[in-house]
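Novice: So here's target.cif, just mmCIF, C-alpha atoms:
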```cif
data_upload
#
loop_
_atom_site.group_PDB
_atom_site.id
_atom_site.type_symbol
_atom_site.label_atom_id
_atom_site.label_comp_id
_atom_site.auth_asym_id
_atom_site.auth_seq_id
_atom_site.Cartn_x
_atom_site.Cartn_y
_atom_site.Cartn_z
ATOM 1 C CA MET A 1 -4.444 0.067 -16.738
ATOM 2 C CA ARG A 2 -1.072 -1.225 -17.877
ATOM 3 C CA TYR A 3 2.396 -0.492 -16.581
ATOM 4 C CA SER A 4 5.484 -0.458 -18.712
ATOM 5 C CA LEU A 5 8.228 -3.006 -18.206
ATOM 6 C CA CYS A 6 10.569 -0.304 -19.412
ATOM 7 C CA TYR A 7 10.924 1.753 -16.262
ATOM 8 C CA PRO A 8 14.178 3.721 -16.318
ATOM 9 C CA LYS A 9 16.744 2.255 -13.940
ATOM 10 C CA HIS A 10 18.710 4.714 -11.820
ATOM 11 C CA GLY A 11 17.719 7.636 -14.040
ATOM 12 C CA GLY A 12 19.039 5.963 -17.194
ATOM 13 C CA LYS A 13 17.269 4.937 -20.385
ATOM 14 C CA PRO A 14 14.534 2.276 -20.272
ATOM 15 C CA GLN A 15 15.685 -1.310 -20.786
ATOM 16 C CA CYS A 16 13.029 -2.799 -23.105
ATOM 17 C CA VAL A 17 14.613 -5.118 -25.607
ATOM 18 C CA ARG A 18 15.065 -8.172 -23.390
ATOM 19 C CA LEU A 19 11.417 -8.011 -22.393
ATOM 20 C CA LEU A 20 9.832 -7.986 -25.841
ATOM 21 C CA LEU A 21 10.145 -11.736 -26.296
ATOM 22 C CA ALA A 22 8.538 -12.281 -22.898
ATOM 23 C CA LEU A 23 5.665 -10.019 -23.955
ATOM 24 C CA ALA A 24 5.210 -11.952 -27.188
ATOM 25 C CA LEU A 25 5.084 -15.259 -25.333
ATOM 26 C CA LEU A 26 2.645 -13.865 -22.785
ATOM 27 C CA GLY A 27 0.424 -12.589 -25.595
ATOM 28 C CA LEU A 28 0.268 -16.044 -27.154
ATOM 29 C CA ILE A 29 -0.587 -17.642 -23.809
ATOM 30 C CA LEU A 30 -3.290 -15.088 -23.008
ATOM 31 C CA ASN A 31 -4.849 -15.427 -26.457
ATOM 32 C CA ALA A 32 -5.026 -19.200 -26.049
ATOM 33 C CA THR A 33 -6.564 -18.799 -22.589
ATOM 34 C CA ALA A 34 -9.060 -16.167 -23.749
ATOM 35 C CA ASP A 35 -10.257 -18.431 -26.570
ATOM 36 C CA SER A 36 -11.314 -21.076 -24.033
ATOM 37 C CA MET A 37 -13.228 -18.644 -21.779
ATOM 38 C CA PRO A 38 -16.836 -17.480 -22.145
ATOM 39 C CA THR A 39 -17.201 -14.082 -23.787
ATOM 40 C CA LEU A 40 -16.419 -11.168 -21.482
ATOM 41 C CA ASN A 41 -18.917 -8.374 -22.039
ATOM 42 C CA THR A 42 -17.996 -4.718 -21.803
ATOM 43 C CA VAL A 43 -20.192 -1.702 -21.237
ATOM 44 C CA PRO A 44 -21.869 -0.812 -24.549
ATOM 45 C CA GLU A 45 -20.416 2.663 -24.997
ATOM 46 C CA VAL A 46 -18.225 5.151 -23.121
ATOM 47 C CA ASP A 47 -18.281 8.932 -23.266
ATOM 48 C CA LEU A 48 -14.529 9.415 -23.465
ATOM 49 C CA ASN A 49 -14.853 13.114 -22.641
ATOM 50 C CA ARG A 50 -16.272 12.066 -19.264
ATOM 51 C CA TYR A 51 -13.967 9.071 -18.845
ATOM 52 C CA VAL A 52 -10.689 10.969 -19.193
ATOM 53 C CA GLY A 53 -9.101 12.562 -16.145
ATOM 54 C CA THR A 54 -7.605 11.082 -12.992
ATOM 55 C CA TRP A 55 -8.491 7.642 -11.625
ATOM 56 C CA TYR A 56 -7.270 6.070 -8.383
ATOM 57 C CA GLU A 57 -6.672 2.332 -8.224
ATOM 58 C CA ILE A 58 -8.777 0.823 -5.441
ATOM 59 C CA ALA A 59 -7.933 -2.823 -6.071
ATOM 60 C CA ARG A 60 -6.291 -5.075 -8.663
ATOM 61 C CA LEU A 61 -5.421 -8.646 -9.387
ATOM 62 C CA PRO A 62 -1.691 -9.336 -9.012
ATOM 63 C CA ASN A 63 0.371 -8.779 -12.140
ATOM 64 C CA TRP A 64 4.052 -8.777 -12.950
ATOM 65 C CA PHE A 65 4.192 -5.307 -14.517
ATOM 66 C CA GLN A 66 3.005 -3.638 -11.286
ATOM 67 C CA LYS A 67 5.184 -5.619 -8.906
ATOM 68 C CA LYS A 68 7.115 -2.464 -7.984
ATOM 69 C CA CYS A 69 3.924 -0.631 -7.035
ATOM 70 C CA SER A 70 3.122 -0.656 -3.326
ATOM 71 C CA ALA A 71 0.883 2.414 -2.930
ATOM 72 C CA ASP A 72 -0.679 5.520 -4.497
ATOM 73 C CA VAL A 73 -1.442 3.967 -7.889
ATOM 74 C CA VAL A 74 -2.965 6.632 -10.142
ATOM 75 C CA ALA A 75 -3.886 6.726 -13.841
ATOM 76 C CA THR A 76 -4.417 9.954 -15.762
ATOM 77 C CA TYR A 77 -6.084 9.838 -19.173
ATOM 78 C CA THR A 78 -6.155 12.691 -21.695
ATOM 79 C CA LEU A 79 -8.188 12.651 -24.911
ATOM 80 C CA LEU A 80 -6.054 13.492 -27.935
ATOM 81 C CA PRO A 81 -7.285 15.323 -31.068
ATOM 82 C CA ASP A 82 -7.071 12.115 -33.140
ATOM 83 C CA GLY A 83 -9.403 10.249 -30.765
ATOM 84 C CA ARG A 84 -6.676 8.247 -29.042
ATOM 85 C CA VAL A 85 -6.055 8.591 -25.310
ATOM 86 C CA SER A 86 -2.802 9.532 -23.614
ATOM 87 C CA VAL A 87 -2.175 7.336 -20.555
ATOM 88 C CA VAL A 88 0.078 8.262 -17.642
ATOM 89 C CA ASN A 89 0.302 5.717 -14.822
ATOM 90 C CA SER A 90 2.158 6.389 -11.617
ATOM 91 C CA CYS A 91 2.727 4.560 -8.364
ATOM 92 C CA LYS A 92 4.850 4.665 -5.256
ATOM 93 C CA GLY A 93 7.336 1.861 -4.703
ATOM 94 C CA LYS A 94 8.403 0.303 -1.408
ATOM 95 C CA ASN A 95 11.384 2.656 -1.454
ATOM 96 C CA GLY A 96 8.984 5.629 -1.358
ATOM 97 C CA LEU A 97 9.891 6.820 -4.849
ATOM 98 C CA THR A 98 7.220 7.473 -7.459
ATOM 99 C CA THR A 99 7.544 5.712 -10.804
ATOM 100 C CA GLN A 100 5.727 6.808 -13.944
ATOM 101 C CA ALA A 101 4.906 5.125 -17.241
ATOM 102 C CA GLU A 102 3.476 6.847 -20.314
ATOM 103 C CA GLY A 103 1.448 5.119 -22.965
ATOM 104 C CA ILE A 104 -1.258 5.489 -25.564
ATOM 105 C CA ALA A 105 -4.673 3.867 -25.933
ATOM 106 C CA ARG A 106 -6.777 3.383 -29.049
ATOM 107 C CA ARG A 107 -9.912 1.521 -30.058
ATOM 108 C CA ALA A 108 -9.273 -2.214 -30.306
ATOM 109 C CA THR A 109 -11.021 -2.293 -33.703
ATOM 110 C CA ALA A 110 -12.045 0.630 -35.882
ATOM 111 C CA ASN A 111 -15.743 -0.270 -35.873
ATOM 112 C CA GLY A 112 -15.855 -1.848 -32.397
ATOM 113 C CA PRO A 113 -17.157 -0.267 -29.210
ATOM 114 C CA ASN A 114 -14.979 2.342 -27.556
ATOM 115 C CA SER A 115 -15.236 0.344 -24.326
ATOM 116 C CA LYS A 116 -12.706 -2.096 -25.842
ATOM 117 C CA LEU A 117 -9.344 -0.398 -26.079
ATOM 118 C CA LYS A 118 -5.763 -1.418 -26.714
ATOM 119 C CA VAL A 119 -2.987 0.188 -24.671
ATOM 120 C CA ARG A 120 0.709 0.407 -25.536
ATOM 121 C CA PHE A 121 3.586 1.382 -23.241
ATOM 122 C CA ALA A 122 6.367 0.142 -25.512
ATOM 123 C CA PRO A 123 8.240 2.729 -27.614
ATOM 124 C CA LYS A 124 6.299 4.203 -30.557
ATOM 125 C CA LEU A 125 8.611 2.592 -33.107
ATOM 126 C CA LEU A 126 7.363 -0.816 -31.944
ATOM 127 C CA SER A 127 3.672 0.084 -32.238
ATOM 128 C CA PHE A 128 3.311 -2.005 -35.420
ATOM 129 C CA LEU A 129 3.883 -5.169 -33.334
ATOM 130 C CA PRO A 130 0.545 -6.575 -32.122
ATOM 131 C CA PHE A 131 1.956 -8.021 -28.891
ATOM 132 C CA VAL A 132 2.991 -4.622 -27.500
ATOM 133 C CA TRP A 133 -0.701 -3.690 -27.285
ATOM 134 C CA GLY A 134 -2.602 -4.914 -24.218
ATOM 135 C CA ASP A 135 -6.367 -5.221 -23.870
ATOM 136 C CA TYR A 136 -8.112 -2.551 -21.817
ATOM 137 C CA TRP A 137 -11.798 -3.450 -21.604
ATOM 138 C CA ILE A 138 -14.183 -1.345 -19.539
ATOM 139 C CA ILE A 139 -16.412 -4.026 -18.039
ATOM 140 C CA SER A 140 -18.237 -1.917 -15.461
ATOM 141 C CA LEU A 141 -18.834 1.820 -15.268
ATOM 142 C CA ALA A 142 -20.892 3.921 -12.856
ATOM 143 C CA SER A 143 -23.575 6.042 -14.515
ATOM 144 C CA ASP A 144 -21.900 9.135 -13.047
ATOM 145 C CA TYR A 145 -18.415 7.909 -14.048
ATOM 146 C CA SER A 146 -17.357 7.760 -10.392
ATOM 147 C CA TYR A 147 -15.936 4.242 -10.665
ATOM 148 C CA ALA A 148 -14.928 1.766 -13.344
ATOM 149 C CA ALA A 149 -13.724 -1.805 -13.600
ATOM 150 C CA VAL A 150 -11.200 -2.638 -16.293
ATOM 151 C CA GLY A 151 -10.311 -6.146 -17.406
ATOM 152 C CA GLU A 152 -9.490 -8.262 -20.447
ATOM 153 C CA PRO A 153 -10.777 -11.488 -22.036
ATOM 154 C CA SER A 154 -8.529 -13.964 -20.204
ATOM 155 C CA ARG A 155 -9.656 -12.523 -16.841
ATOM 156 C CA LYS A 156 -6.061 -12.578 -15.581
ATOM 157 C CA TYR A 157 -5.977 -8.813 -15.151
ATOM 158 C CA LEU A 158 -8.423 -6.562 -13.332
ATOM 159 C CA TRP A 159 -8.413 -3.032 -11.971
ATOM 160 C CA ILE A 160 -11.081 -1.315 -9.892
ATOM 161 C CA LEU A 161 -10.747 2.435 -10.387
ATOM 162 C CA SER A 162 -12.367 5.378 -8.623
ATOM 163 C CA ARG A 163 -12.390 9.133 -8.997
ATOM 164 C CA ALA A 164 -11.624 9.349 -5.269
ATOM 165 C CA PRO A 165 -8.656 7.759 -3.460
ATOM 166 C CA GLN A 166 -10.977 5.754 -1.211
ATOM 167 C CA MET A 167 -14.158 3.771 -1.809
ATOM 168 C CA GLU A 168 -16.762 2.610 0.676
ATOM 169 C CA ASP A 169 -16.503 -1.097 1.427
ATOM 170 C CA ALA A 170 -20.131 -1.739 0.540
ATOM 171 C CA LEU A 171 -19.726 -0.195 -2.910
ATOM 172 C CA LEU A 172 -16.499 -2.088 -3.557
ATOM 173 C CA GLN A 173 -18.156 -5.350 -2.529
ATOM 174 C CA SER A 174 -21.067 -4.767 -4.928
ATOM 175 C CA ILE A 175 -18.602 -4.136 -7.769
ATOM 176 C CA LEU A 176 -16.643 -7.278 -6.863
ATOM 177 C CA ASP A 177 -19.858 -9.313 -6.766
ATOM 178 C CA GLU A 178 -20.609 -8.112 -10.296
ATOM 179 C CA ILE A 179 -17.074 -8.990 -11.412
ATOM 180 C CA LYS A 180 -17.363 -12.500 -9.960
ATOM 181 C CA ARG A 181 -20.490 -13.045 -12.047
ATOM 182 C CA LEU A 182 -18.361 -12.249 -15.099
ATOM 183 C CA GLY A 183 -16.166 -15.263 -14.319
ATOM 184 C CA TYR A 184 -13.292 -13.673 -12.426
ATOM 185 C CA ASP A 185 -11.433 -15.472 -9.631
ATOM 186 C CA LEU A 186 -10.833 -12.731 -7.055
ATOM 187 C CA SER A 187 -9.072 -14.849 -4.442
ATOM 188 C CA GLY A 188 -5.785 -12.972 -4.980
ATOM 189 C CA LEU A 189 -7.277 -9.479 -5.059
ATOM 190 C CA ILE A 190 -4.975 -6.738 -3.772
ATOM 191 C CA ARG A 191 -6.425 -3.656 -2.059
ATOM 192 C CA THR A 192 -4.380 -0.641 -3.083
ATOM 193 C CA GLU A 193 -3.060 1.629 -0.385
ATOM 194 C CA GLN A 194 -3.809 5.225 -1.261
ATOM 195 C CA ALA A 195 -2.726 8.350 0.606
ATOM 196 C CA GLY A 196 -4.989 8.919 3.579
ATOM 197 C CA GLN A 197 -5.886 5.211 4.050
#
```
Mind turning this structure into structure tokens?
Specialist:
Amino acid sequence: MRYSLCYPKHGGKPQCVRLLLALALLGLILNATADSMPTLNTVPEVDLNRYVGTWYEIARLPNWFQKKCSADVVATYTLLPDGRVSVVNSCKGKNGLTTQAEGIARRATANGPNSKLKVRFAPKLLSFLPFVWGDYWIISLASDYSYAAVGEPSRKYLWILSRAPQMEDALLQSILDEIKRLGYDLSGLIRTEQAGQ
């Protein structure tokens, strides 16, 4: 799950240009970090017809592109005719207003597993630039598709997603135990406040 840095300000047009260089630099840093880490395994295969739909964020590692999100973080995925996935992320800020970001996801490599995706929130005209695509790796998935864990090779980013707004503590802890075995440092984990919590 990725959030755009190009949120419209005060109802105006998104301000993206000044952030592209920062994204490029971050991409270089993450690639260097990922190269020094042990391989992060994903689930072997995903039935995208079952994976699409609405997911609620249960927890995440802190990240700069979600710093405005304080509650009700939701991702909605829709399978497109060409096999790509439409991504709509929304969250409620501290001011109570809901912010939304729209993106697109595709397979990371044509012949690779569909559990390794790339997601772009930058404008379509910039899609030829590799650094506007972020890794979206499905590293854990319930057999009934009721929860998922999404990460990326550097292990700097992590999202625990559920089909329901809340998750039992025991289930969350078992997922986190699995994630720790994959080499994640979860000391900064943020529990997401969802409506009804």
Novice: Quick check, in Å to one decimal: how far apart do atom CA of A:Leu40 and atom CA of A:Gly83 lie?
Specialist: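 Atom CA of A:Leu40 sits 24.4 Å away from atom CA of A:Gly83.
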Novice: Which residue out of A:Leu97, A:Ala110, A:Val85, A:Met167 has the minimum interatomic distance to A:Glu193 when only C-alpha atoms are used?
Specialist: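 The answer is A:Met167, which sits nearest to A:Glu193.
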Novice: So which residues touch stretch 111-122 of chain A within 7 Å, counting all atoms listed in the file, skipping near sequence neighbours fewer than 3 positions away, as number ranges by chain?
Specialist: A: 4, 42-46, 102-108, 126, 132-138
Novice: Contacts of A:Asn41 at 12 Å or less, counting all atoms listed in the file, minus same-chain residues fewer than 5 places along, as a PDB file with C-alpha atoms, in the frame of the given file?
Specialist:
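What ended up in result.pdb:
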```pdb
ATOM      1  CA  PRO A 113     -17.157  -0.267 -29.210  1.00  0.00           C
ATOM      2  CA  SER A 115     -15.236   0.344 -24.326  1.00  0.00           C
ATOM      3  CA  LYS A 116     -12.706  -2.096 -25.842  1.00  0.00           C
ATOM      4  CA  TRP A 137     -11.798  -3.450 -21.604  1.00  0.00           C
ATOM      5  CA  ILE A 138     -14.183  -1.345 -19.539  1.00  0.00           C
ATOM      6  CA  ILE A 139     -16.412  -4.026 -18.039  1.00  0.00           C
ATOM      7  CA  SER A 140     -18.237  -1.917 -15.461  1.00  0.00           C
ATOM      8  CA  ALA A 149     -13.724  -1.805 -13.600  1.00  0.00           C
ATOM      9  CA  VAL A 150     -11.200  -2.638 -16.293  1.00  0.00           C
ATOM     10  CA  GLY A 151     -10.311  -6.146 -17.406  1.00  0.00           C
ATOM     11  CA  GLU A 152      -9.490  -8.262 -20.447  1.00  0.00           C
ATOM     12  CA  PRO A 153     -10.777 -11.488 -22.036  1.00  0.00           C
ATOM     13  CA  SER A 154      -8.529 -13.964 -20.204  1.00  0.00           C
ATOM     14  CA  ARG A 155      -9.656 -12.523 -16.841  1.00  0.00           C
ATOM     15  CA  GLU A 178     -20.609  -8.112 -10.296  1.00  0.00           C
ATOM     16  CA  ILE A 179     -17.074  -8.990 -11.412  1.00  0.00           C
ATOM     17  CA  ARG A 181     -20.490 -13.045 -12.047  1.00  0.00           C
ATOM     18  CA  LEU A 182     -18.361 -12.249 -15.099  1.00  0.00           C
ATOM     19  CA  GLY A 183     -16.166 -15.263 -14.319  1.00  0.00           C
TER      20      GLY A 183
END
```
Novice: Can you work out the spacing between atom CA of A:Val74 and atom CA of A:Tyr56 in Å, to one decimal?
Specialist: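 Atom CA of A:Tyr56 lies at a distance of 4.7 Å from atom CA of A:Val74.
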Novice: Of the residues A:Thr76, A:Ser70, A:Thr109, A:Asn49, which is the one nearest to A:Gly96, using all atoms listed in the file?
Specialist: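 Distance minimum relative to A:Gly96 lands on A:Ser70.
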Novice: With all atoms listed in the file as the counted atoms, please give the residues lying no more than 7 Å from A:Gln100, apart from itself and same-chain residues fewer than 6 positions off, as an NGL selection string.
Specialist: :A and (88-91)
Novice: Rounded to one decimal place, report the atom CA of A:Arg163-atom CA of A:Glu57 distance in Å.
Specialist: 8.9 Å
